[in-house]
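> File follows, run-v6.cif with mmCIF, C-alpha atoms:
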```cif
data_target
#
loop_
_atom_site.label_atom_id
_atom_site.label_comp_id
_atom_site.auth_asym_id
_atom_site.auth_seq_id
_atom_site.Cartn_x
_atom_site.Cartn_y
_atom_site.Cartn_z
CA MET Z 1 116.37 107.83 118.66
CA VAL Z 2 115.01 111.18 117.59
CA CYS Z 3 116.84 114.48 117.20
CA GLU Z 4 114.61 117.52 116.75
CA THR Z 5 115.12 120.97 115.27
CA THR Z 6 112.35 123.54 115.57
CA ARG Z 7 111.95 126.88 113.85
CA ARG Z 8 109.21 129.16 115.04
CA SER Z 9 107.52 131.92 113.13
CA CYS Z 10 108.12 135.44 114.40
CA GLY Z 11 105.59 137.05 112.08
CA VAL Z 12 101.93 136.97 111.20
CA LEU Z 13 100.34 133.87 109.71
CA ILE Z 14 100.14 134.72 106.01
CA VAL Z 15 100.60 132.29 103.12
CA VAL Z 16 101.79 128.69 103.32
CA ALA Z 17 104.24 129.54 100.56
CA ALA Z 18 106.64 130.87 103.21
CA ALA Z 19 107.37 127.34 104.36
CA ALA Z 20 107.75 126.19 100.79
CA VAL Z 21 110.36 128.89 100.11
CA ALA Z 22 112.40 127.86 103.15
CA MET Z 23 112.21 124.20 102.25
CA LEU Z 24 113.16 124.83 98.64
CA ALA Z 25 116.21 126.77 99.77
CA ALA Z 26 117.32 123.81 101.89
CA LEU Z 27 116.76 121.35 99.07
CA SER Z 28 118.61 123.48 96.54
CA CYS Z 29 121.64 123.61 98.85
CA GLY Z 30 121.64 119.83 99.25
CA VAL Z 31 120.64 119.96 102.90
CA GLY Z 32 117.02 118.92 102.56
CA PRO Z 33 115.34 116.40 104.81
CA ALA Z 34 117.05 113.34 103.36
CA ASN Z 35 120.45 114.90 104.10
CA ALA Z 36 119.73 116.65 107.38
CA GLY Z 37 122.28 115.85 110.06
CA GLY Z 38 121.87 115.04 113.72
CA GLY Z 39 120.29 112.23 115.68
CA VAL Z 40 121.78 109.79 118.14
CA ASN Z 41 122.22 106.02 118.33
CA GLY Z 42 121.56 105.55 114.61
CA ASN Z 43 122.27 102.24 112.96
CA ALA Z 44 125.11 102.21 110.50
CA GLY Z 45 124.24 102.19 106.84
CA ARG Z 46 121.47 102.58 105.47
CA GLN Z 47 82.09 106.58 98.39
CA GLN Z 48 80.33 105.32 100.28
CA ARG Z 49 79.93 101.52 100.23
CA GLN Z 50 77.76 98.80 101.80
CA LEU Z 51 80.07 96.98 104.22
CA LYS Z 52 80.12 93.23 104.77
CA ALA Z 53 82.02 90.76 106.96
CA GLY Z 54 85.22 88.91 106.03
CA SER Z 55 88.24 87.10 107.50
CA GLY Z 56 91.79 88.21 107.82
CA GLY Z 57 95.59 88.28 107.90
CA GLY Z 58 98.24 87.27 105.40
CA SER Z 59 99.22 88.88 102.14
CA SER Z 60 97.21 91.17 99.89
CA SER Z 61 96.42 88.27 97.54
CA GLY Z 62 92.94 88.58 96.05
CA CYS Z 63 92.62 92.34 96.64
CA SER Z 64 91.24 94.35 93.75
CA ASN Z 65 91.23 98.13 93.56
CA LEU Z 66 87.61 98.15 94.63
CA ASN Z 67 87.30 95.67 97.46
CA LEU Z 68 90.04 97.08 99.71
CA TYR Z 69 87.38 99.48 101.00
CA GLU Z 70 84.52 97.00 101.27
CA GLY Z 71 84.58 94.93 104.41
CA SER Z 72 84.21 95.20 108.16
CA TRP Z 73 86.15 95.83 111.35
CA VAL Z 74 87.32 92.61 112.99
CA TYR Z 75 88.41 92.26 116.61
CA ASP Z 76 92.01 91.02 116.73
CA GLN Z 77 94.05 90.71 119.92
CA ALA Z 78 97.26 91.01 117.87
CA TYR Z 79 96.51 94.73 117.61
CA PRO Z 80 97.41 97.55 118.12
CA ALA Z 81 100.51 97.50 115.92
CA TYR Z 82 102.49 99.53 118.46
CA ASP Z 83 102.40 100.94 121.99
CA SER Z 84 101.42 104.60 121.74
CA SER Z 85 103.31 105.40 124.95
CA SER Z 86 106.54 104.47 123.14
CA CYS Z 87 105.92 106.70 120.13
CA PRO Z 88 107.51 110.17 120.40
CA PHE Z 89 105.51 111.66 117.52
CA ILE Z 90 101.95 111.85 118.88
CA ALA Z 91 100.47 115.31 119.44
CA LYS Z 92 98.41 115.87 122.56
CA GLU Z 93 95.26 116.13 120.42
CA PHE Z 94 95.48 112.43 119.50
CA ASP Z 95 97.18 110.81 122.52
CA CYS Z 96 94.05 109.30 124.03
CA LEU Z 97 95.61 106.80 126.43
CA LYS Z 98 97.97 109.42 127.85
CA PHE Z 99 95.00 111.65 128.60
CA GLY Z 100 92.97 109.04 130.42
CA ARG Z 101 90.91 107.03 127.98
CA PRO Z 102 89.95 104.03 130.13
CA ASP Z 103 88.90 101.47 127.49
CA ARG Z 104 91.19 99.55 125.13
CA ARG Z 105 88.92 97.63 122.75
CA TYR Z 106 89.03 100.42 120.15
CA LEU Z 107 92.73 99.63 119.72
CA GLN Z 108 92.13 96.00 118.76
CA TYR Z 109 90.08 96.27 115.60
CA ARG Z 110 91.66 95.85 112.20
CA TRP Z 111 90.12 96.53 108.80
CA GLN Z 112 89.23 93.32 106.96
CA PRO Z 113 88.23 93.71 103.30
CA GLY Z 114 85.70 91.24 101.95
CA GLY Z 115 85.80 89.04 98.89
CA GLY Z 116 88.84 87.02 99.93
CA CYS Z 117 91.10 90.06 100.20
CA ASN Z 118 93.70 89.89 102.98
CA LEU Z 119 95.61 93.05 103.77
CA PRO Z 120 99.27 92.55 104.63
CA ARG Z 121 100.29 93.60 108.11
CA PHE Z 122 102.26 96.83 108.07
CA GLU Z 123 106.00 96.04 108.05
CA GLY Z 124 107.84 99.26 108.78
CA GLU Z 125 111.33 98.19 107.75
CA LYS Z 126 110.06 96.67 104.52
CA PHE Z 127 108.30 99.95 103.76
CA LEU Z 128 111.44 101.99 104.45
CA ARG Z 129 113.58 99.75 102.25
CA ARG Z 130 111.04 100.03 99.45
CA MET Z 131 110.98 103.81 99.88
CA GLU Z 132 114.76 104.25 100.18
CA GLY Z 133 115.81 107.74 99.13
CA LYS Z 134 112.21 108.89 98.67
CA LYS Z 135 110.23 111.88 99.97
CA ILE Z 136 106.63 111.34 101.06
CA MET Z 137 104.48 114.39 101.80
CA PHE Z 138 101.04 114.63 103.37
CA VAL Z 139 99.30 117.84 102.31
CA GLY Z 140 96.18 118.94 104.15
CA ASP Z 141 94.70 119.77 107.54
CA SER Z 142 94.89 118.19 110.99
CA LEU Z 143 93.43 114.94 109.66
CA SER Z 144 96.50 114.73 107.45
CA MET Z 145 98.45 115.31 110.65
CA ASN Z 146 96.55 112.35 112.15
CA GLN Z 147 97.73 110.10 109.32
CA TYR Z 148 101.25 111.55 109.28
CA GLU Z 149 101.81 110.88 112.98
CA SER Z 150 100.29 107.41 112.72
CA LEU Z 151 102.72 106.54 109.91
CA LEU Z 152 105.66 107.82 111.95
CA CYS Z 153 104.57 105.65 114.89
CA LEU Z 154 104.24 102.56 112.69
CA LEU Z 155 107.73 103.14 111.27
CA HIS Z 156 109.30 104.04 114.62
CA ALA Z 157 107.95 100.83 116.15
CA ALA Z 158 109.80 98.82 113.49
CA VAL Z 159 113.12 100.71 113.63
CA SER Z 160 113.11 102.38 117.03
CA ASN Z 161 116.92 102.44 117.23
CA SER Z 162 117.28 104.05 113.83
CA ASN Z 163 118.67 107.55 113.36
CA ILE Z 164 115.55 109.72 113.01
CA THR Z 165 115.80 113.51 112.71
CA ARG Z 166 112.94 115.98 112.95
CA GLN Z 167 112.59 119.50 111.61
CA SER Z 168 109.68 121.84 112.29
CA GLN Z 169 108.92 125.08 110.46
CA PRO Z 170 105.69 127.02 110.14
CA TYR Z 171 103.36 124.85 108.05
CA LEU Z 172 105.99 122.17 107.46
CA SER Z 173 107.13 119.23 109.60
CA THR Z 174 109.67 116.64 108.49
CA ALA Z 175 110.86 113.38 110.01
CA THR Z 176 113.79 111.74 108.21
CA PHE Z 177 114.80 108.12 108.70
CA GLN Z 178 118.46 108.74 107.97
CA ASP Z 179 119.49 105.11 107.68
CA TYR Z 180 117.15 104.76 104.71
CA GLY Z 181 117.16 108.31 103.33
CA VAL Z 182 113.37 108.43 103.67
CA SER Z 183 111.68 111.73 104.54
CA ILE Z 184 108.08 111.83 105.76
CA MET Z 185 106.64 115.35 105.62
CA LEU Z 186 103.48 117.18 106.64
CA PHE Z 187 102.63 120.36 104.72
CA THR Z 188 99.72 122.11 106.44
CA SER Z 189 97.25 123.50 103.91
CA HIS Z 190 93.65 123.42 105.09
CA TYR Z 191 92.19 124.29 101.69
CA LEU Z 192 94.99 123.22 99.27
CA VAL Z 193 94.70 126.67 97.68
CA ASP Z 194 96.31 129.90 98.90
CA ILE Z 195 95.31 132.18 101.73
CA GLU Z 196 96.89 135.57 101.17
CA GLU Z 197 97.20 138.46 103.61
CA GLN Z 198 95.89 141.65 101.96
CA GLU Z 199 94.91 145.07 103.26
CA ILE Z 200 91.32 143.93 103.72
CA GLY Z 201 92.38 140.80 105.60
CA ARG Z 202 93.02 137.13 104.82
CA VAL Z 203 91.76 136.20 101.38
CA LEU Z 204 91.06 132.58 100.42
CA LYS Z 205 92.02 132.44 96.73
CA LEU Z 206 90.12 129.57 95.16
CA HIS Z 207 92.07 129.66 91.90
CA SER Z 208 95.61 130.04 93.24
CA ILE Z 209 98.42 127.68 94.27
CA SER Z 210 101.61 129.68 94.74
CA ASP Z 211 104.73 129.06 92.67
CA ALA Z 212 106.78 128.30 95.79
CA THR Z 213 104.26 125.71 96.99
CA SER Z 214 104.10 124.23 93.51
CA ARG Z 215 107.88 123.90 93.27
CA LEU Z 216 108.01 122.13 96.63
CA TRP Z 217 105.22 119.69 95.82
CA ARG Z 218 106.86 118.81 92.50
CA GLN Z 219 109.99 117.61 94.32
CA MET Z 220 108.10 114.89 96.19
CA ASP Z 221 108.04 111.23 95.21
CA PHE Z 222 104.69 110.62 96.90
CA LEU Z 223 101.99 113.20 97.61
CA VAL Z 224 98.95 112.42 99.79
CA PHE Z 225 96.38 115.23 99.56
CA ASN Z 226 93.40 115.86 101.80
CA THR Z 227 90.91 118.69 102.27
CA TRP Z 228 87.40 118.89 103.64
CA ALA Z 229 87.14 119.49 107.41
CA TRP Z 230 87.64 123.28 107.26
CA TRP Z 231 85.26 124.18 104.45
CA TYR Z 232 82.14 124.72 106.58
CA ARG Z 233 83.76 126.46 109.51
CA THR Z 234 82.38 129.85 110.48
CA GLY Z 235 83.46 132.82 112.59
CA PRO Z 236 87.05 133.01 113.84
CA GLN Z 237 87.59 129.28 113.17
CA LYS Z 238 87.19 129.52 109.42
CA GLY Z 239 90.76 130.76 108.83
CA TRP Z 240 89.98 133.50 106.30
CA ASP Z 241 88.10 136.81 106.10
CA TYR Z 242 87.23 136.98 102.40
CA VAL Z 243 87.01 134.52 99.54
CA GLN Z 244 88.11 135.25 95.97
CA ASP Z 245 86.41 133.39 93.12
CA GLY Z 246 87.88 134.59 89.84
CA GLU Z 247 87.93 138.39 90.02
CA THR Z 248 85.17 138.53 92.64
CA ILE Z 249 86.09 139.01 96.30
CA SER Z 250 83.28 138.56 98.82
CA GLU Z 251 82.84 137.95 102.52
CA ASP Z 252 81.40 134.50 101.88
CA MET Z 253 79.90 132.24 99.23
CA ASP Z 254 78.27 128.84 98.92
CA ARG Z 255 80.78 126.62 100.71
CA MET Z 256 80.24 123.49 98.62
CA LEU Z 257 80.73 125.56 95.47
CA ALA Z 258 83.92 127.04 96.95
CA PHE Z 259 85.12 123.52 97.83
CA LYS Z 260 84.52 122.36 94.26
CA ARG Z 261 86.33 125.41 92.85
CA ALA Z 262 89.39 124.64 95.01
CA LEU Z 263 89.35 120.98 93.98
CA THR Z 264 89.24 122.05 90.34
CA THR Z 265 92.28 124.29 90.94
CA TRP Z 266 94.09 121.39 92.59
CA ALA Z 267 93.16 119.04 89.73
CA LYS Z 268 94.47 121.52 87.17
CA TRP Z 269 97.68 121.84 89.16
CA VAL Z 270 98.16 118.06 89.09
CA GLU Z 271 97.47 117.96 85.37
CA ALA Z 272 99.96 120.73 84.61
CA ASN Z 273 102.73 119.96 87.10
CA VAL Z 274 102.97 116.31 88.10
CA ASN Z 275 105.42 114.08 86.30
CA ALA Z 276 103.72 110.70 86.66
CA ALA Z 277 107.03 108.93 86.03
CA LYS Z 278 108.46 110.52 89.20
CA THR Z 279 105.58 111.34 91.52
CA THR Z 280 102.71 109.16 92.74
CA VAL Z 281 99.65 111.18 93.81
CA PHE Z 282 97.08 110.02 96.35
CA PHE Z 283 93.93 111.77 97.46
CA GLN Z 284 92.36 110.82 100.77
CA GLY Z 285 88.58 110.75 100.95
CA ALA Z 286 86.66 112.85 103.46
CA SER Z 287 87.03 111.73 107.07
CA PRO Z 288 83.64 111.61 108.86
CA SER Z 289 82.85 113.08 112.26
CA HIS Z 290 80.46 111.55 114.81
CA TYR Z 291 78.24 114.16 116.45
CA ASN Z 292 74.85 112.78 115.40
CA GLY Z 293 73.86 109.40 116.77
CA THR Z 294 71.20 108.97 114.09
CA GLU Z 295 74.05 108.33 111.67
CA TRP Z 296 75.04 105.15 113.52
CA GLY Z 297 71.65 103.97 114.74
CA LYS Z 298 71.48 105.80 118.07
CA PRO Z 299 69.08 108.74 117.65
CA GLY Z 300 69.37 111.32 120.39
CA LEU Z 301 73.14 111.08 120.85
CA ARG Z 302 75.01 114.30 120.06
CA ASP Z 303 78.59 113.10 120.28
CA CYS Z 304 80.85 110.03 120.42
CA SER Z 305 81.32 109.96 124.20
CA HIS Z 306 81.25 106.48 125.72
CA GLU Z 307 81.40 104.71 122.34
CA THR Z 308 83.74 101.74 122.69
CA ASP Z 309 83.10 99.56 119.61
CA PRO Z 310 82.66 100.09 115.87
CA VAL Z 311 79.41 99.53 114.03
CA LEU Z 312 79.66 95.82 113.19
CA PRO Z 313 77.73 93.43 110.94
CA PRO Z 314 74.86 93.03 110.43
CA GLU Z 315 74.07 96.65 111.37
CA ALA Z 316 77.02 97.87 109.30
CA SER Z 317 75.41 96.68 106.06
CA ASN Z 318 72.60 99.21 106.53
CA LEU Z 319 74.83 102.16 107.43
CA ALA Z 320 75.64 104.62 104.67
CA VAL Z 321 77.55 107.89 104.64
CA GLY Z 322 75.17 110.77 104.06
CA GLY Z 323 74.81 114.53 104.26
CA ALA Z 324 77.60 116.93 103.41
CA VAL Z 325 80.29 114.26 103.72
CA SER Z 326 78.65 112.25 100.95
CA LEU Z 327 78.56 115.36 98.75
CA ALA Z 328 82.21 116.07 99.56
CA LEU Z 329 83.17 112.51 98.63
CA GLN Z 330 81.40 112.85 95.28
CA ALA Z 331 83.10 116.20 94.62
CA GLN Z 332 86.50 114.68 95.39
CA GLN Z 333 85.90 111.76 93.04
CA ASP Z 334 84.65 114.09 90.30
CA ALA Z 335 87.82 116.17 90.59
CA ILE Z 336 90.00 113.05 90.39
CA LYS Z 337 88.13 111.76 87.32
CA SER Z 338 88.85 115.05 85.54
CA ILE Z 339 92.60 114.41 85.71
CA HIS Z 340 94.30 112.43 82.97
CA HIS Z 341 97.21 111.50 85.24
CA PRO Z 342 96.70 108.39 87.41
CA ILE Z 343 95.51 109.38 90.89
CA LEU Z 344 95.19 106.83 93.69
CA PHE Z 345 92.11 107.42 95.84
CA LEU Z 346 92.27 106.40 99.50
CA ASN Z 347 88.55 105.88 99.97
CA ILE Z 348 88.59 105.82 103.77
CA THR Z 349 85.21 107.53 104.26
CA GLY Z 350 82.95 104.51 104.56
CA LEU Z 351 85.21 102.39 106.74
CA SER Z 352 85.92 105.36 109.04
CA HIS Z 353 82.18 106.10 109.27
CA LEU Z 354 81.83 102.80 111.15
CA ARG Z 355 84.36 103.87 113.81
CA LYS Z 356 82.31 106.11 116.09
CA ASP Z 357 84.47 104.66 118.88
CA GLY Z 358 87.79 105.87 117.45
CA HIS Z 359 87.78 109.56 118.39
CA PRO Z 360 89.50 111.24 121.34
CA SER Z 361 86.18 112.49 122.71
CA SER Z 362 87.22 114.14 126.01
CA HIS Z 363 90.49 112.19 126.25
CA SER Z 364 93.04 114.52 124.71
CA GLY Z 365 95.27 117.40 125.69
CA LEU Z 366 92.66 119.87 124.48
CA SER Z 367 89.88 121.25 126.67
CA ARG Z 368 87.07 120.34 124.27
CA LEU Z 369 85.12 117.35 123.07
CA ASP Z 370 86.55 115.97 119.83
CA CYS Z 371 84.60 113.56 117.65
CA THR Z 372 86.38 114.68 114.47
CA HIS Z 373 89.99 113.59 114.87
CA TRP Z 374 91.18 110.09 115.72
CA CYS Z 375 93.12 108.49 118.53
CA ILE Z 376 96.66 107.29 117.81
CA ALA Z 377 97.04 104.33 117.88
CA GLY Z 378 93.75 103.71 116.13
CA VAL Z 379 91.85 104.26 112.90
CA PRO Z 380 94.61 106.19 111.03
CA ASP Z 381 96.79 103.07 111.33
CA ALA Z 382 94.27 101.34 109.04
CA TRP Z 383 94.50 104.25 106.59
CA ASN Z 384 98.25 103.75 106.52
CA GLN Z 385 97.89 99.99 106.13
CA LEU Z 386 95.82 100.71 103.00
CA LEU Z 387 98.42 103.24 101.84
CA TYR Z 388 101.16 100.67 102.48
CA THR Z 389 99.27 97.96 100.57
CA THR Z 390 98.65 100.26 97.62
CA ILE Z 391 102.26 101.44 97.39
CA LEU Z 392 103.71 97.94 97.65
CA ASP Z 393 101.23 96.50 95.15
CA GLN Z 394 101.17 99.32 92.61
CA PRO Z 395 102.56 98.75 89.11
CA SER Z 396 105.16 101.09 87.65
CA THR Z 397 102.33 103.08 86.05
CA PRO Z 398 99.49 103.10 88.60
CA ALA Z 399 95.88 102.98 87.52
CA PRO Z 400 93.10 105.17 88.97
CA PHE Z 401 92.03 103.66 92.30
CA PHE Z 402 88.32 103.65 93.12
#
```
Turn the structure described in the file into structure tokens.


Amino acid sequence: MVCETTRRSCGVLIVVAAAAVAMLAALSCGVGPANAGGGVNGNAGRQQRQLKAGSGGGSSSGCSNLNLYEGSWVYDQAYPAYDSSSCPFIAKEFDCLKFGRPDRRYLQYRWQPGGGCNLPRFEGEKFLRRMEGKKIMFVGDSLSMNQYESLLCLLHAAVSNSNITRQSQPYLSTATFQDYGVSIMLFTSHYLVDIEEQEIGRVLKLHSISDATSRLWRQMDFLVFNTWAWWYRTGPQKGWDYVQDGETISEDMDRMLAFKRALTTWAKWVEANVNAAKTTVFFQGASPSHYNGTEWGKPGLRDCSHETDPVLPPEASNLAVGGAVSLALQAQQDAIKSIHHPILFLNITGLSHLRKDGHPSSHSGLSRLDCTHWCIAGVPDAWNQLLYTTILDQPSTPAPFF
């Protein structure tokens, strides 16, 4: 069962550091997420790749760091891993069945790596026992929210009678599985760097991560970072009025250059602040959208409406991620390579590129077509299966994961 506490902002949206300050205060008083009370009916105690076909199931035997992300989507009637109608964590943006999606095949594809690699099925209770006493934080935009909610659904399906508490603050959401002392958090930060309210307006500071945010991130045992989707937004959707690069403040600048500057700031933060003996850092590759049918062999299409199956072999072997997403993926990998600490890269771009069927389209609680985010249940469950496999298989000192 789930007990929820919500705190709403009564001020203007300013800097994400506000949430970090509040969270740090709770942690310093010993009432952080792993100790938060409440709940009912709790149990006692406690790059782009060429993609080829394969076969599935079983353990992760035979999986190398590379071939987890090379493979194909395989139809499997044992999926989905859970009933989305029974998961209390899904936002209306991602709840496709609730909002009338008529087809079900998109739910029954699992990711099958090639080369004799068999991903283990996600076992929620095993994961929670492995993570006992740990704090896992997703840091990023609404695609991080996609993965966060998917993980909560996977875990809830395994321990639905467990004592689960929820806390919601501006920029920060936390679900704590009290019987295991495991906190799963979402820290909303579209750009990973600061946006600061100044007299001239909201300033995106490409070289700044606030002290409060830094202190919060350092307390995590697992950090899963993501940024990309917001970097090319324009007008009122872009989330800032000015951008600061060094000492220069301007109304705009080359967006790919700004993206790379922010990634460099993030990489320097990891280098200077992360204790690799305590904290495992992941970075999630860019998640592709599907608004151009040429990208999946259907020229003339301008969205993902009516798509009901992935791109499958043999067509999949000729499909490559291109355009700005490919450039973003390269920039992300370059930033990771600049860090001496081990960073685990969740290279979900290529496998997600094949899933033009996995988006909400018009089947969400929003009054717009959405071929950017993903239905839950759906593709983010595969991201979490890869996260699960990596965490369970990683050595005590993880190696870079490409």

> Applied to the shown file, which residues does the PyMOL selection byres ((chain Z and resi 200) around 12) return, written as a list in words?

Glu196, Glu197, Gln198, Glu199, Gly201, Arg202, Val203, Leu204, Trp240, Asp241, Tyr242, Val243, Ile249, Ser250 and Glu251 of chain Z

> Name the residues in contact with Ser150 (chain Z) at a cut-off of 8 Å, using only C-alpha atoms, excluding same-chain residues fewer than 3 positions from it; report them as an mmCIF file with C-alpha atoms, in the coordinates of the input.


```
data_model
loop_
_atom_site.group_PDB
_atom_site.id
_atom_site.type_symbol
_atom_site.label_atom_id
_atom_site.label_comp_id
_atom_site.auth_asym_id
_atom_site.auth_seq_id
_atom_site.Cartn_x
_atom_site.Cartn_y
_atom_site.Cartn_z
ATOM 1 C CA ILE Z 90 101.950 111.850 118.880
ATOM 2 C CA ASN Z 146 96.550 112.350 112.150
ATOM 3 C CA GLN Z 147 97.730 110.100 109.320
ATOM 4 C CA CYS Z 153 104.570 105.650 114.890
ATOM 5 C CA LEU Z 154 104.240 102.560 112.690
ATOM 6 C CA ILE Z 376 96.660 107.290 117.810
ATOM 7 C CA ALA Z 377 97.040 104.330 117.880
ATOM 8 C CA PRO Z 380 94.610 106.190 111.030
ATOM 9 C CA ASP Z 381 96.790 103.070 111.330
ATOM 10 C CA ASN Z 384 98.250 103.750 106.520
#
```

> Extract, using all atoms listed in the file, all DNA, RNA and protein residues at most 10 Å from Ile339 (chain Z), discarding same-chain residues fewer than 6 positions from it, and format them as a list of chain:residue names.

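Contacts, in chain order: Z:Thr264, Z:Trp266, Z:Ala267, Z:Lys268, Z:Trp269, Z:Val270, Z:Glu271, Z:Ala272, Z:Pro400.
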
> What does the structure give for the distance between CA of Gly239 (chain Z) and CA of Arg261 (chain Z), in Å to one decimal?

17.4 Å

> With distances taken over all atoms listed in the file, which of Z:Val224, Z:Ser317, Z:Ala276, Z:Cys371 is nearest to His290 (chain Z)?

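Answer, going by the shortest atom-to-atom distance: Z:Cys371.
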
> In Å, rounded to a single decimal, give me how far CA of Asp254 (chain Z) is from CA of His340 (chain Z).

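Result for CA of His340 (chain Z) versus CA of Asp254 (chain Z): 27.9 Å, one decimal.
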
> Measuring atom to atom with only C-alpha atoms, identify which of Z:Ala212, Z:Ala382, Z:Ile164, Z:Ala175 is nearest to Pro120 (chain Z).

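Of all the options, Z:Ala382 lies closest to Pro120 (chain Z).
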
> Could you check how far CA of Pro314 (chain Z) sits from CA of Gln108 (chain Z), in Å to one decimal?

19.4 Å

> Of the residues Z:Gly378, Z:Gly133, Z:Pro342, Z:Gly140, which is the one nearest to Thr279 (chain Z), using all atoms listed in the file?

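When distances to Thr279 (chain Z) are compared using all atoms listed in the file, the smallest one comes from Z:Pro342.
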
> Can you work out which one of Z:Val281, Z:Leu369, Z:Ala316, Z:Leu386 has the shortest atom-to-atom distance to Asn347 (chain Z), counting all atoms listed in the file?

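So, comparing all the options, the nearest one is Z:Leu386.
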
> List as a PyMOL selection string the protein and nucleic acid residues near Val139 (chain Z), meaning an atom at most 12 Å away when all atoms listed in the file are counted, but skip any in the same chain fewer than 2 places from it.

chain Z and resi 16+20+136-137+141-148+171-173+184-193+213-214+216-217+220+222-227+266+281-284

> Have a look at Z:Ile348, Z:Ile343, Z:Val159, Z:Ala78 and name the one nearest to Arg121 (chain Z); count only C-alpha atoms.

Z:Ala78

> Given the file above and the PyMOL selection byres ((chain Z and resi 293-308) around 7), which residues are selected, and can you give them as number ranges by chain?

Z: 105-106, 290-292, 309, 319, 356-357, 361, 371

> Could you spell out the hits of the PyMOL selection byres ((chain Z and resi 329) around 12) on the shown file, as a count of residues only?

39

> Restricting the calculation to all atoms listed in the file, which member of Z:Leu366, Z:Leu206, Z:Leu351, Z:Leu392 is positioned closest to Pro113 (chain Z)?

Z:Leu351

> Centre and edge lengths, as lines of an AutoDock Vina configuration file, for the axis-aligned box enclosing every listed atom of region 221-237 of chain Z with 5 Å of padding on each of the six sides, in Å to one decimal?


```
center_x = 95.1
center_y = 121.8
center_z = 104.5
size_x = 35.9
size_y = 32.4
size_z = 28.6
```

> Any chance you could model N, CA and C atoms for region 224-238 of chain Z and send them as an mmCIF file, in the frame of the given file?


```
data_model
loop_
_atom_site.group_PDB
_atom_site.id
_atom_site.type_symbol
_atom_site.label_atom_id
_atom_site.label_comp_id
_atom_site.auth_asym_id
_atom_site.auth_seq_id
_atom_site.Cartn_x
_atom_site.Cartn_y
_atom_site.Cartn_z
ATOM 1 N N VAL Z 224 100.231 112.895 99.282
ATOM 2 C CA VAL Z 224 98.950 112.420 99.790
ATOM 3 C C VAL Z 224 98.139 113.648 100.180
ATOM 4 N N PHE Z 225 97.167 114.013 99.345
ATOM 5 C CA PHE Z 225 96.380 115.230 99.560
ATOM 6 C C PHE Z 225 95.103 114.931 100.331
ATOM 7 N N ASN Z 226 94.647 115.948 101.055
ATOM 8 C CA ASN Z 226 93.400 115.860 101.800
ATOM 9 C C ASN Z 226 92.864 117.269 102.040
ATOM 10 N N THR Z 227 91.581 117.460 101.833
ATOM 11 C CA THR Z 227 90.910 118.690 102.270
ATOM 12 C C THR Z 227 89.419 118.427 102.376
ATOM 13 N N TRP Z 228 88.843 118.904 103.469
ATOM 14 C CA TRP Z 228 87.400 118.890 103.640
ATOM 15 C C TRP Z 228 86.985 119.532 104.964
ATOM 16 N N ALA Z 229 87.636 119.177 106.062
ATOM 17 C CA ALA Z 229 87.140 119.490 107.410
ATOM 18 C C ALA Z 229 86.945 120.986 107.655
ATOM 19 N N TRP Z 230 87.707 121.851 106.972
ATOM 20 C CA TRP Z 230 87.640 123.280 107.260
ATOM 21 C C TRP Z 230 86.639 124.050 106.396
ATOM 22 N N TRP Z 231 86.031 123.413 105.436
ATOM 23 C CA TRP Z 231 85.260 124.180 104.450
ATOM 24 C C TRP Z 231 83.956 124.740 104.989
ATOM 25 N N TYR Z 232 83.399 124.190 106.047
ATOM 26 C CA TYR Z 232 82.140 124.720 106.580
ATOM 27 C C TYR Z 232 82.307 125.433 107.914
ATOM 28 N N ARG Z 233 83.541 125.728 108.264
ATOM 29 C CA ARG Z 233 83.760 126.460 109.510
ATOM 30 C C ARG Z 233 83.305 127.910 109.359
ATOM 31 N N THR Z 234 82.847 128.473 110.478
ATOM 32 C CA THR Z 234 82.380 129.850 110.480
ATOM 33 C C THR Z 234 83.075 130.631 111.592
ATOM 34 N N GLY Z 235 82.891 131.968 111.554
ATOM 35 C CA GLY Z 235 83.460 132.820 112.590
ATOM 36 C C GLY Z 235 84.969 132.781 112.595
ATOM 37 N N PRO Z 236 85.584 132.950 113.773
ATOM 38 C CA PRO Z 236 87.050 133.010 113.840
ATOM 39 C C PRO Z 236 87.728 131.698 113.489
ATOM 40 N N GLN Z 237 86.990 130.586 113.474
ATOM 41 C CA GLN Z 237 87.590 129.280 113.170
ATOM 42 C C GLN Z 237 87.760 129.028 111.685
ATOM 43 N N LYS Z 238 87.174 129.862 110.844
ATOM 44 C CA LYS Z 238 87.190 129.520 109.420
ATOM 45 C C LYS Z 238 88.533 129.786 108.758
#
```
